[in-house]
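Data block below; observations after.
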Amino acid sequence: QGAASVRTCPVCHRPMTDPTPLPCKDYMCLNCAQTEINRSAQCPVCDRKTTFNIRLAPDPSFRMQVQNVSKFKEHCNAFFMELVSSCCFADPLHGPEEDLVELLLQLVSGKNGQGTRCLSPFASHDYIDRTPVIRSFLLQLLLRYSEQQVNAHMCQYLEQAQQFAEGEKVYNDELCRLFVQCVEDYLHSHLAQLKDMKGKKKALEMTRETLEDAQDTMHEVRWVERPSANVHLLHAVAKARFGLTCAAEFICETLQPQASDDQTSELSVQDQRSLRKAKEFLKTAAKQICERCPDGMLKLFLMKQIVRSIGLDAFRHGMEDPTYQLHWIVPTTLMEKGEEAVPDRFIVHEDPYRAIREAMAGLVLSAELSGLEKAAKYGQRNKRAVSAVTTLAVYREVTMCNAGRHVKKASLDKLDQFAAAKDRFRDDVRALFTEFIHNRQGARFPEMRVSPRQSGMVRSQSALIIHYITILKHTAQHNRLLEFLAQLAFNPTSLTKAFFPTMPEDILHDAQAVMRGAYFVCPNGHPYFVGECGQPMQAYTCPDCGAHIGGGNHKLFDTNRRARTTDTSQTGHILGPANQRSRNPLPERSLPASATALLRFFIDASLLWAVSTGVASHHQAVLSSTHPNVLPDTVAQFYYNHVQHDIQVFSSAIGKGVDLGLIALHQICKHLLEVKPHDGRGLDLTLANRASRARWEEVFNRDIIQPCLQNINADVQKGLDLVNGDKRLGEDPLMRAVFEVDTNPLGGSGQGYLSPPLWRYRVLVSVEHLAHTLKTSTKFAVLSAFLKREPHLRAIQYLPDIVKLQRLLVDRFSRRIDRVKAQQISIESFLNDLADATEQKMFEKFIGSYNSAWGLMREAVAQRSRLRPAANTIYKHVNRKGRLAFILPTTEGYGRCATSLVDLLVMVHNDFMAEYCGIVDESVSNLSHVPLLNVTQAQLISFDSAYHLLPLVLAHCSYTLEIGQGTLVQYNWEALEKQLEQRFIIGRPLVDPEEIRLVYSEDVQNSSDLSSLRRRIPQEDLASAAQRQIANELPSLPEVCQVLSALEITIGFLASSGGDREFRLADYLLNVLKMKPQEHLISTKLMQTSQLCHLLCVWRLISVERARRLSSSGQDAFEQIDDAFKEEMPREMNYSVVAALKNLSRDVFVAELLEFISVKLSTRHPEGHQGWENWALKEALESYLDEKEVSLEGLDSLPDEVECCHATSVWTLAAQFSHSTHPAYFLELGGPRD
C-alpha cells in the first residue's frame, strides 16, 4: 500500500516533505499546500474549493510512511546500481551490448526525454524529478571501456538532458562541465594505477600523450552551440584539464621538493635521468598547449592548480627565481598588474578589526591618538575581543606594514602612551603590545621579527603565529582547556615531564591485548613469541644467540622471562626533525587526522614562541623536552620548521591548498575567542601520564577543535571573501584570478571550449576527498574508522610478500653471511647476482612490496614499534642502492627495521579488527586466528588505494546537476560502507605473530650451538696426521676463511636438526645445504675423511689456522673479542706461561683456549662475561671444559696471576710457542739460557 500510494508531491514533483492532507484527502508538501491555498483556495489536484484560513498540519503517520518508502527505494536503488555494476559491466575487456546501454540510458533519462533521474528500477512515472537531475553513475561505468563507445552514447545522453535547459546557456555549460568532470576523474583514477616505482615514467608519458592529443583536437575541431555535437571537444577539454593538473603536480615538486624522494631514489641513475627527461617533456607539452590558447585561459587553469597546492607566496617566490623559468605560466594581463603583497588575514575578525586597523593607520600617519582611542572603546563589545584585535592591528599596521621605512617617533610615542593607559590591557598583553610597537618580538629568533627582505611566505607564517599567540594570551585565563598550551608558550618550565598531546606512544601493551599469546625474552634479551595460551610447551634455541628458549608443560625456563610490559612512552616532543615527518595527515589515538594536525600546530607554535622570547629558563625547558636532542642554537629553527610543516599537513587534512589552509587557521584562531569556557574539571591539566593525555585530547577535540572545524568549508569561503574584499589588498589580480572572485578575470570572449565554467578549479574525487566529506560520523562508524586509519591500513597488503621475502632471505643467508658483508652488499648487486631470471623477478616484486610498505610506515616504525630501530637507521631509504642489511630480519642493527616493520603491520591489522568488533558489538574472541607465516592477502585488510578503493569510491559517487545549484558530488554512504565491509573487513582473522630471524655467521660460535651439536651428534677427533694434512692443503688465508664459513653454517643447521654421525660432511653440504664441497671445503683430505662426528674437531682446527695466520701477518685475530680481554702480559708473566706450556699438550691447549675465547668472550654478548677480566684464566677455562665434560692435563701449571684479561695474549704466545724451537723461542723471551 505504501509503495502504491506514496508518490511525489503533485505540486513540486519531488518526494514529499512534511506530507500534509487537504480536506479532500489529497496530500502534498506543507509548503506547497500553503502556497496553493493562499493563491487560489482550492486543491491543485482535484480543484475542490476550500477556505483561505484553513489550518494545515503534516500527517505524522503519512510522513513516516513516506520516509519508510523513500528509505526502501534508496536501498533498492543502491542494490540495483550494484547489480548493474557487477553484472552488466562485469567483463573487464568488453563493454555491454548496445541494446543494454540503450535500456540503461532510458532508465536514467526517461524513454521520451521526459526527465532525468538516478539509476533506478522503478517505473518511469514514479519518482522522476521534473527538474533536471543528471547522475553520472552510468557514464562512469561506460568510461571503463573505449572512448568511441563513450562518445557515441554521450551524444544521445546530452541531447536528451539538454531538452530541460533549452535556450539556457548557463545550463548548457553545466551539462558540458558535468561530462568533462566525469571524464577527468576517470583519467585520474587510471593514472593512479600507474604511479608506482616502475610506472611513474609510463604515467608521465601517458599524461604527455593525453595533452598532445587534447591540443590537436582543440586546434582542429570547431565548437558549435549544441553540447551533443561537441562530445569530442569536451573530451579534449577533460584531457587538457587532466594533463595540466598533472603538470602542475610536477612543477610543485620542483618548487617545494620533498625532504626525500623515495620513489626516485629507488631508481638507477639511468632511470632517474629518463624520469627527469619525461618530466621535462611533460612541462614542454603543457607549455605548448597553454601558448596556443589565444586568451590565456589554460595558463590561468595551470596557475590555479599550482597556487591552490603550494600557495601564492611560494608561487611568487618561484617566479622571482630565474632557476625555475615560470614566467610563462602567468597570463600577460595578470602579469602586468601583479605585485607581491601579504594579505591581511586578520580581517577574519571583520568590522571590529577593520575599524581599529584604519584608526591605527591614521595614528601612524598623523601621530593623533584620538581616532584610535575612539575606535578602541569597548562599549557593548567584549573587552577581550577588542584588546585582541587592537593587538593584531598594531602588529599589522606598525610592525608588519612599516618594516623597512621610518615611522615617526611621535607616532611611536603616542602608541606607547596608548598602551600605558590604565585598564586598557592586562600587564602581559601590554608587554606583547609594546614588543609589536618596536618590532622586538622573537628576541632569540630573528625570523619572528619583520624585516624588509623577508619573503611573503615568512611573513604569512609569522603573522599566523602572532595571531595564535595573541588569542592564546587573551583566552587561556578564561578557558582552562587552553591552559596547557598557554603554559607551553609562556611558562614551559612547569611541563618538562608532561606527555605532550598528539605525540605517539608505546602501543605494545594495547596490541598484546588482542593477540593470542605472549612475548618472552631469552637469557641474552632477544624477544620471541609464544602463541595460543601464551605458555610454552616446547624447547627451542634462540635464533639470535642459540640460548635455550621456551620450556615445557606450560612452564617457562628459569633463564627466560616475560618481555617487558612496562610503558616506554616518552614525555615531551618526540617527532624528530620536521623533514622526517610524513606529509600525509595521520590520526593519533582518538583524534582524527585534521584534529591531530591542528593540535600539533598549536603545540609547535607555542614551543616556538617559548624559545624565541629570550627567557633562558624557557629556552632550557623546551630544549630538555625535545627528543631526540637538538643543539641549543637550533631549537628555534627546529620548531619553526615544524610549524611550517604543520600548516601544510593541516591544509591537506581539510582538503585545501596552503593559502586556504592559512585562512582556515586564522578563522580557527578567531573561533578560539568565541568557544564556550571550560573549567577543566575532571582533567589533569599537567598531562602527567598517558591516561590524562588521552582524556585531555578527547575533551579538547570535542569542545574546542570540532566546533572550530564544524563549518570549516564555509568559514574558509567567508574568510576568502573578506580577504579579497579588503580595500587594501583585495585588488590583487593574481589572488582574485586564482580564487575565482571574478567571473572572467582575463576579459576574453569566454566562448566555446574556452568558456570559464569549463576551466573552474575543483577538488578531484579521491579517497582523501571522501574522508574530508564524511569527516567524523557516528552513523557510518565503520567507514569513518576505516578512512581514519586508511594511510596505515593500505600498507597491510604488502605483509604476505614481506613475510615471503624474509623467509627466502633467512633460507639463503642465515648463518652464511656476516654483519660486515651484509652492510657492504647492495640490494642491487644481490639482485644482479641471481642467475635465475624468474627468481630475480620474484625478489624484485617482494623487495618492491617492502619498499612500498616502508614508505607508508617508516614514521610509525620509528615511534610505535616494539623494537624501535636506531635513529641513524630509521630514515634510510630502502631502495636498490641500499644495503642488504636493511631487509634482513634481525633484532639488532639495521635489521631491526625489517623486524619492526612486520611487527607493526601485524599490530595495525589486529588493532583495526578489534576496533571493528567494538563498533559492530561483536567479541574479539570470536575472531579466528592465522599464523603469520601462513597469512595471505585474502586473510588481511588488504587493498590498493588506486586499484580497489578509488574505483569503489567512484562507483558510489555521482555528479548531480540541479537547476539553480550547479554541479554537486554526492556519495552513497550506506552502500559504500556495506561494500567496504564485505570486501575488506568481514571474515578477516587476527594474525598471530611468529618469529622470522636471520642469524649472522659469526653468531654461530656460541656455547648453546656447540653444546646442542655435541648432544645431537657425539663428536670425536680426527687423527693428528689427517689434521696436519688438511691444514697443509689450505695454503692461503682466504681459503681458510671460506672453509670456516661453510663449517659454521653446517654447525648452525645440525645444532637444531641433528643428523647421522657417520654421514660424510661433503655429502651433507651437497645434498642438504646445496653447497658444492669443492668450492666450500677445498681440502681433498677434508672431503674424503671427515664425517659429521668430526665437525667440531675440524672447526677447531680451521679456527686455529685462521687465528694463527692472522696473528703471524700482524692482523687482529680477535676482532670480535671485547678489548677488556686483550691486555698484554708483562715479561715475567710471559716467562711463567712458557714454563707452564711445557706441561701442556700445546696443540690441544691452543684449540681449546681459542674455542673458549670465541664462545665466552665475544662482544656479541657482553652480559655473559661481565666482571671476568680479573678471573684467573685457568679457572675460567677449566669451568668451560667441565661444561663440555672434557679435561686438559697440565692446566693447573698455568700461573694464578694470569687472568682472563690476558686471554688473547696467552693464546698468541701459545700458538707461536707450539710452532717454534723451544730453546730459541725461550731465549727470545729473555729467560735463562739453560
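Please note that chains go A, B, ... in the order of the C-alpha cells, that every chain numbers its residues from 1, and that ligands are numbered from 1 in the order shown.
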* Asked: What lies within 10 Å of region 758-766 of chain A using only C-alpha atoms, ignoring chain neighbours under 4 positions off, as an MDAnalysis selection string?
  -> chainID A and resid 173:174 176:178 180:182 184:186 188:189 234 237:238 240:241 297:298 300:302 304:305 308 655:656 738:740 743 750 752:754 770:772 945:946 949:951 953:954 957:958 969
Can you write out the residues you just picked, keeping C-alpha atoms, as a short mmCIF file (atom, residue, chain, number, x, y, z; two decimals), in the first residue's frame?
```
data_model
loop_
_atom_site.label_atom_id
_atom_site.label_comp_id
_atom_site.auth_asym_id
_atom_site.auth_seq_id
_atom_site.Cartn_x
_atom_site.Cartn_y
_atom_site.Cartn_z
CA ASP A 173 27.56 24.97 -19.87
CA GLU A 174 26.81 22.99 -16.72
CA CYS A 176 29.17 20.15 -20.61
CA ARG A 177 31.04 20.66 -17.35
CA LEU A 178 29.37 17.58 -15.88
CA VAL A 180 34.12 16.93 -18.54
CA GLN A 181 34.37 16.23 -14.81
CA CYS A 182 33.36 12.59 -15.24
CA GLU A 184 38.62 13.89 -15.92
CA ASP A 185 38.01 11.77 -12.83
CA TYR A 186 38.26 8.61 -14.91
CA HIS A 188 42.96 10.44 -12.86
CA SER A 189 41.81 7.08 -11.50
CA LEU A 234 34.57 18.16 -24.45
CA VAL A 237 38.89 19.66 -22.57
CA ALA A 238 38.82 16.89 -19.95
CA ALA A 240 43.68 19.08 -21.13
CA ARG A 241 42.48 19.65 -17.57
CA MET A 297 42.59 30.51 -20.11
CA LEU A 298 44.73 27.35 -19.94
CA LEU A 300 45.22 30.52 -15.71
CA PHE A 301 43.96 26.98 -15.07
CA LEU A 302 47.55 25.71 -14.65
CA LYS A 304 45.25 27.78 -10.23
CA GLN A 305 46.41 24.19 -9.77
CA ARG A 308 45.99 26.08 -4.73
CA GLY A 655 41.41 19.25 1.56
CA LYS A 656 42.71 22.75 0.86
CA VAL A 738 43.26 32.08 -8.63
CA PHE A 739 40.31 32.05 -6.23
CA GLU A 740 37.80 32.89 -8.98
CA THR A 743 33.79 35.54 -13.42
CA GLY A 750 34.68 33.17 -22.97
CA GLY A 752 33.16 27.56 -26.74
CA TYR A 753 35.76 25.36 -25.09
CA LEU A 754 37.30 28.50 -23.54
CA LEU A 770 35.76 11.13 0.57
CA ALA A 771 37.34 11.37 4.03
CA HIS A 772 37.03 15.17 4.10
CA SER A 945 44.02 2.58 -2.99
CA ALA A 946 44.27 3.04 -6.76
CA LEU A 949 39.47 1.70 -3.11
CA LEU A 950 39.27 4.56 -5.63
CA PRO A 951 37.10 2.58 -8.12
CA VAL A 953 34.54 5.37 -4.29
CA LEU A 954 33.83 6.37 -7.89
CA CYS A 957 29.56 8.76 -6.04
CA SER A 958 27.67 10.70 -8.65
CA VAL A 969 29.10 15.49 -5.82
#
```
* Asked: What lies within 12 Å of Gly551 (chain A) using only C-alpha atoms, ignoring chain neighbours under 3 positions off, as a ChimeraX atom specification?
  -> /A:520,522,530,534-541,548,554-561
Dump of N, CA, C and O atoms for the selected residues, as a PDB file, in the first residue's frame:
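File produced: again_11.pdb:
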```pdb
ATOM      1  N   PHE A 520      58.241 -13.242  25.153  1.00  0.00           N
ATOM      2  CA  PHE A 520      59.240 -13.549  26.167  1.00  0.00           C
ATOM      3  C   PHE A 520      60.604 -13.148  25.619  1.00  0.00           C
ATOM      4  O   PHE A 520      60.747 -12.824  24.433  1.00  0.00           O
ATOM      5  N   CYS A 522      64.926 -14.303  25.731  1.00  0.00           N
ATOM      6  CA  CYS A 522      65.908 -15.327  26.072  1.00  0.00           C
ATOM      7  C   CYS A 522      66.873 -14.774  27.116  1.00  0.00           C
ATOM      8  O   CYS A 522      66.806 -13.596  27.476  1.00  0.00           O
ATOM      9  N   VAL A 530      55.283 -16.706  21.954  1.00  0.00           N
ATOM     10  CA  VAL A 530      54.625 -17.998  22.188  1.00  0.00           C
ATOM     11  C   VAL A 530      53.131 -17.806  21.930  1.00  0.00           C
ATOM     12  O   VAL A 530      52.501 -16.959  22.562  1.00  0.00           O
ATOM     13  N   GLY A 534      49.884 -18.759  25.350  1.00  0.00           N
ATOM     14  CA  GLY A 534      50.966 -17.911  25.806  1.00  0.00           C
ATOM     15  C   GLY A 534      51.900 -18.581  26.789  1.00  0.00           C
ATOM     16  O   GLY A 534      52.813 -17.941  27.314  1.00  0.00           O
ATOM     17  N   GLN A 535      51.715 -19.881  27.041  1.00  0.00           N
ATOM     18  CA  GLN A 535      52.602 -20.630  27.932  1.00  0.00           C
ATOM     19  C   GLN A 535      53.355 -21.676  27.116  1.00  0.00           C
ATOM     20  O   GLN A 535      52.760 -22.387  26.308  1.00  0.00           O
ATOM     21  N   PRO A 536      54.689 -21.772  27.283  1.00  0.00           N
ATOM     22  CA  PRO A 536      55.498 -22.651  26.422  1.00  0.00           C
ATOM     23  C   PRO A 536      55.239 -24.128  26.676  1.00  0.00           C
ATOM     24  O   PRO A 536      55.063 -24.552  27.816  1.00  0.00           O
ATOM     25  N   MET A 537      55.220 -24.877  25.587  1.00  0.00           N
ATOM     26  CA  MET A 537      55.075 -26.333  25.647  1.00  0.00           C
ATOM     27  C   MET A 537      56.288 -27.055  25.063  1.00  0.00           C
ATOM     28  O   MET A 537      56.417 -28.262  25.189  1.00  0.00           O
ATOM     29  N   GLN A 538      57.193 -26.330  24.382  1.00  0.00           N
ATOM     30  CA  GLN A 538      58.345 -26.939  23.748  1.00  0.00           C
ATOM     31  C   GLN A 538      59.575 -26.095  23.986  1.00  0.00           C
ATOM     32  O   GLN A 538      59.475 -24.907  24.279  1.00  0.00           O
ATOM     33  N   ALA A 539      60.730 -26.727  23.868  1.00  0.00           N
ATOM     34  CA  ALA A 539      62.003 -26.037  23.991  1.00  0.00           C
ATOM     35  C   ALA A 539      62.601 -25.821  22.615  1.00  0.00           C
ATOM     36  O   ALA A 539      62.502 -26.679  21.730  1.00  0.00           O
ATOM     37  N   TYR A 540      63.189 -24.655  22.424  1.00  0.00           N
ATOM     38  CA  TYR A 540      63.845 -24.313  21.168  1.00  0.00           C
ATOM     39  C   TYR A 540      65.177 -23.640  21.496  1.00  0.00           C
ATOM     40  O   TYR A 540      65.553 -23.493  22.669  1.00  0.00           O
ATOM     41  N   THR A 541      65.881 -23.233  20.461  1.00  0.00           N
ATOM     42  CA  THR A 541      67.070 -22.409  20.638  1.00  0.00           C
ATOM     43  C   THR A 541      66.805 -21.042  20.035  1.00  0.00           C
ATOM     44  O   THR A 541      66.136 -20.924  19.016  1.00  0.00           O
ATOM     45  N   HIS A 548      68.840 -21.447  25.114  1.00  0.00           N
ATOM     46  CA  HIS A 548      67.605 -22.224  25.249  1.00  0.00           C
ATOM     47  C   HIS A 548      66.441 -21.276  25.504  1.00  0.00           C
ATOM     48  O   HIS A 548      66.514 -20.389  26.358  1.00  0.00           O
ATOM     49  N   HIS A 554      53.759 -25.972  29.977  1.00  0.00           N
ATOM     50  CA  HIS A 554      53.304 -24.647  30.389  1.00  0.00           C
ATOM     51  C   HIS A 554      54.221 -24.000  31.426  1.00  0.00           C
ATOM     52  O   HIS A 554      53.794 -23.116  32.176  1.00  0.00           O
ATOM     53  N   LYS A 555      55.490 -24.406  31.460  1.00  0.00           N
ATOM     54  CA  LYS A 555      56.434 -23.824  32.408  1.00  0.00           C
ATOM     55  C   LYS A 555      57.607 -23.251  31.645  1.00  0.00           C
ATOM     56  O   LYS A 555      58.227 -23.924  30.830  1.00  0.00           O
ATOM     57  N   LEU A 556      57.922 -22.004  31.929  1.00  0.00           N
ATOM     58  CA  LEU A 556      58.994 -21.296  31.240  1.00  0.00           C
ATOM     59  C   LEU A 556      60.337 -21.664  31.863  1.00  0.00           C
ATOM     60  O   LEU A 556      60.448 -21.878  33.074  1.00  0.00           O
ATOM     61  N   PHE A 557      61.384 -21.761  31.014  1.00  0.00           N
ATOM     62  CA  PHE A 557      62.733 -21.965  31.531  1.00  0.00           C
ATOM     63  C   PHE A 557      63.069 -20.858  32.519  1.00  0.00           C
ATOM     64  O   PHE A 557      62.727 -19.686  32.323  1.00  0.00           O
ATOM     65  N   ASP A 558      63.804 -21.226  33.575  1.00  0.00           N
ATOM     66  CA  ASP A 558      64.153 -20.244  34.597  1.00  0.00           C
ATOM     67  C   ASP A 558      65.016 -19.121  34.053  1.00  0.00           C
ATOM     68  O   ASP A 558      65.015 -18.006  34.588  1.00  0.00           O
ATOM     69  N   THR A 559      65.788 -19.427  33.024  1.00  0.00           N
ATOM     70  CA  THR A 559      66.688 -18.409  32.461  1.00  0.00           C
ATOM     71  C   THR A 559      65.971 -17.430  31.548  1.00  0.00           C
ATOM     72  O   THR A 559      66.551 -16.438  31.115  1.00  0.00           O
ATOM     73  N   ASN A 560      64.705 -17.719  31.195  1.00  0.00           N
ATOM     74  CA  ASN A 560      63.918 -16.828  30.343  1.00  0.00           C
ATOM     75  C   ASN A 560      62.986 -15.980  31.203  1.00  0.00           C
ATOM     76  O   ASN A 560      62.761 -16.278  32.376  1.00  0.00           O
ATOM     77  N   ARG A 561      62.443 -14.955  30.609  1.00  0.00           N
ATOM     78  CA  ARG A 561      61.498 -14.105  31.342  1.00  0.00           C
ATOM     79  C   ARG A 561      60.504 -13.488  30.366  1.00  0.00           C
ATOM     80  O   ARG A 561      60.741 -13.482  29.147  1.00  0.00           O
TER      81      ARG A 561
END
```
* DSSP on the backbone: what in region 468-675 of chain A comes out strand (DSSP E or B), as a PyMOL selection string? -> chain A and resi 517-521+527-531+539-541+548-552+555-556+561-562+573+588+591+626
The selected residues should be written to file as a PDB file, in the first residue's frame (atoms: C-alpha atoms).
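The resulting file, result-v5.pdb, is reproduced below:
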```pdb
ATOM      1  CA  GLY A 517      49.897 -15.444  23.073  1.00  0.00           C
ATOM      2  CA  ALA A 518      52.712 -13.580  24.788  1.00  0.00           C
ATOM      3  CA  TYR A 519      56.216 -12.257  24.237  1.00  0.00           C
ATOM      4  CA  PHE A 520      59.240 -13.549  26.167  1.00  0.00           C
ATOM      5  CA  VAL A 521      62.981 -12.895  26.039  1.00  0.00           C
ATOM      6  CA  PRO A 527      62.495 -11.467  22.110  1.00  0.00           C
ATOM      7  CA  TYR A 528      60.375 -14.370  20.939  1.00  0.00           C
ATOM      8  CA  PHE A 529      56.651 -15.093  20.780  1.00  0.00           C
ATOM      9  CA  VAL A 530      54.625 -17.998  22.188  1.00  0.00           C
ATOM     10  CA  GLY A 531      51.198 -18.399  20.616  1.00  0.00           C
ATOM     11  CA  ALA A 539      62.003 -26.037  23.991  1.00  0.00           C
ATOM     12  CA  TYR A 540      63.845 -24.313  21.168  1.00  0.00           C
ATOM     13  CA  THR A 541      67.070 -22.409  20.638  1.00  0.00           C
ATOM     14  CA  HIS A 548      67.605 -22.224  25.249  1.00  0.00           C
ATOM     15  CA  ILE A 549      64.158 -20.662  24.975  1.00  0.00           C
ATOM     16  CA  GLY A 550      60.612 -21.794  25.682  1.00  0.00           C
ATOM     17  CA  GLY A 551      60.045 -24.563  28.188  1.00  0.00           C
ATOM     18  CA  GLY A 552      57.641 -27.437  28.676  1.00  0.00           C
ATOM     19  CA  LYS A 555      56.434 -23.824  32.408  1.00  0.00           C
ATOM     20  CA  LEU A 556      58.994 -21.296  31.240  1.00  0.00           C
ATOM     21  CA  ARG A 561      61.498 -14.105  31.342  1.00  0.00           C
ATOM     22  CA  ARG A 562      58.440 -12.328  30.064  1.00  0.00           C
ATOM     23  CA  HIS A 573      58.085  16.466  21.892  1.00  0.00           C
ATOM     24  CA  GLU A 588      46.574   9.764  16.550  1.00  0.00           C
ATOM     25  CA  LEU A 591      41.985  12.310  17.258  1.00  0.00           C
ATOM     26  CA  THR A 626      62.688  17.899  22.825  1.00  0.00           C
TER      27      THR A 626
END
```
* Shell of 10 Å around Glu981 (chain A), only C-alpha atoms, local chain residues under 5 positions omitted, as a PyMOL selection string -> chain A and resi 782-783+786+916+941+975-976+986-987
Using only N, CA, C and O atoms, please write the residues we just selected to a file, as a short mmCIF file (atom, residue, chain, number, x, y, z; two decimals), in the first residue's frame.
```cif
data_model
loop_
_atom_site.label_atom_id
_atom_site.label_comp_id
_atom_site.auth_asym_id
_atom_site.auth_seq_id
_atom_site.Cartn_x
_atom_site.Cartn_y
_atom_site.Cartn_z
N VAL A 782 31.89 2.56 10.89
CA VAL A 782 32.88 1.67 10.29
C VAL A 782 33.64 2.40 9.18
O VAL A 782 34.87 2.36 9.12
N LEU A 783 32.90 3.07 8.31
CA LEU A 783 33.53 3.82 7.23
C LEU A 783 34.42 4.92 7.79
O LEU A 783 35.54 5.14 7.30
N PHE A 786 37.58 3.37 9.23
CA PHE A 786 38.42 2.86 8.14
C PHE A 786 39.19 4.01 7.48
O PHE A 786 40.40 3.93 7.27
N TYR A 916 36.90 -2.71 14.94
CA TYR A 916 35.70 -3.05 14.16
C TYR A 916 34.74 -3.88 15.00
O TYR A 916 33.52 -3.65 14.98
N ILE A 941 43.19 -7.21 5.86
CA ILE A 941 42.54 -5.99 5.36
C ILE A 941 43.44 -5.48 4.25
O ILE A 941 44.23 -4.55 4.42
N ALA A 975 25.71 2.37 1.03
CA ALA A 975 26.16 1.32 0.12
C ALA A 975 27.68 1.21 0.12
O ALA A 975 28.24 0.12 0.06
N LEU A 976 28.35 2.35 0.22
CA LEU A 976 29.82 2.33 0.23
C LEU A 976 30.33 1.64 1.48
O LEU A 976 31.27 0.82 1.40
N ILE A 986 35.03 -8.02 6.73
CA ILE A 986 34.29 -9.16 7.29
C ILE A 986 35.04 -10.46 7.01
O ILE A 986 35.49 -10.72 5.89
N GLY A 987 35.15 -11.28 8.04
CA GLY A 987 35.77 -12.59 7.91
C GLY A 987 37.28 -12.60 8.06
O GLY A 987 37.90 -13.67 8.02
#
```
* For Leu1065 (chain A): contacts at 12 Å, only C-alpha atoms, fewer than 6 positions along chain excluded, given as a ChimeraX atom specification -> /A:1046-1047,1050-1051,1054,1059,1071-1073,1075-1078,1080-1081,1084-1096,1098-1099
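Minimum atom-to-atom distance to Phe984 (chain A), evaluated using only C-alpha atoms, belongs to A:Gln797 out of A:Thr899, A:Thr1208, A:Ser370, A:Gln797.
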* To do: For Pro23 (chain A), work out the shell of residues within 12 Å, counting only C-alpha atoms and skipping chain neighbours fewer than 5 positions away, then give it as a list in words.
  => Met28, Ala33, Ile37, Ala41, Gln42, Cys43, Val45, Cys46, Asp47, Arg48, Lys49, Thr50, Thr51, Ile54, Arg55, Leu56 and Ala57 of chain A
* To do: Could you pull out the residues in region 580-771 of chain A that DSSP calls alpha helix (DSSP H) from the backbone, as an NGL selection string?
  => :A and (593-612 or 616-624 or 635-653 or 658-672 or 690-700 or 706-709 or 712-724 or 733-738 or 767-771)
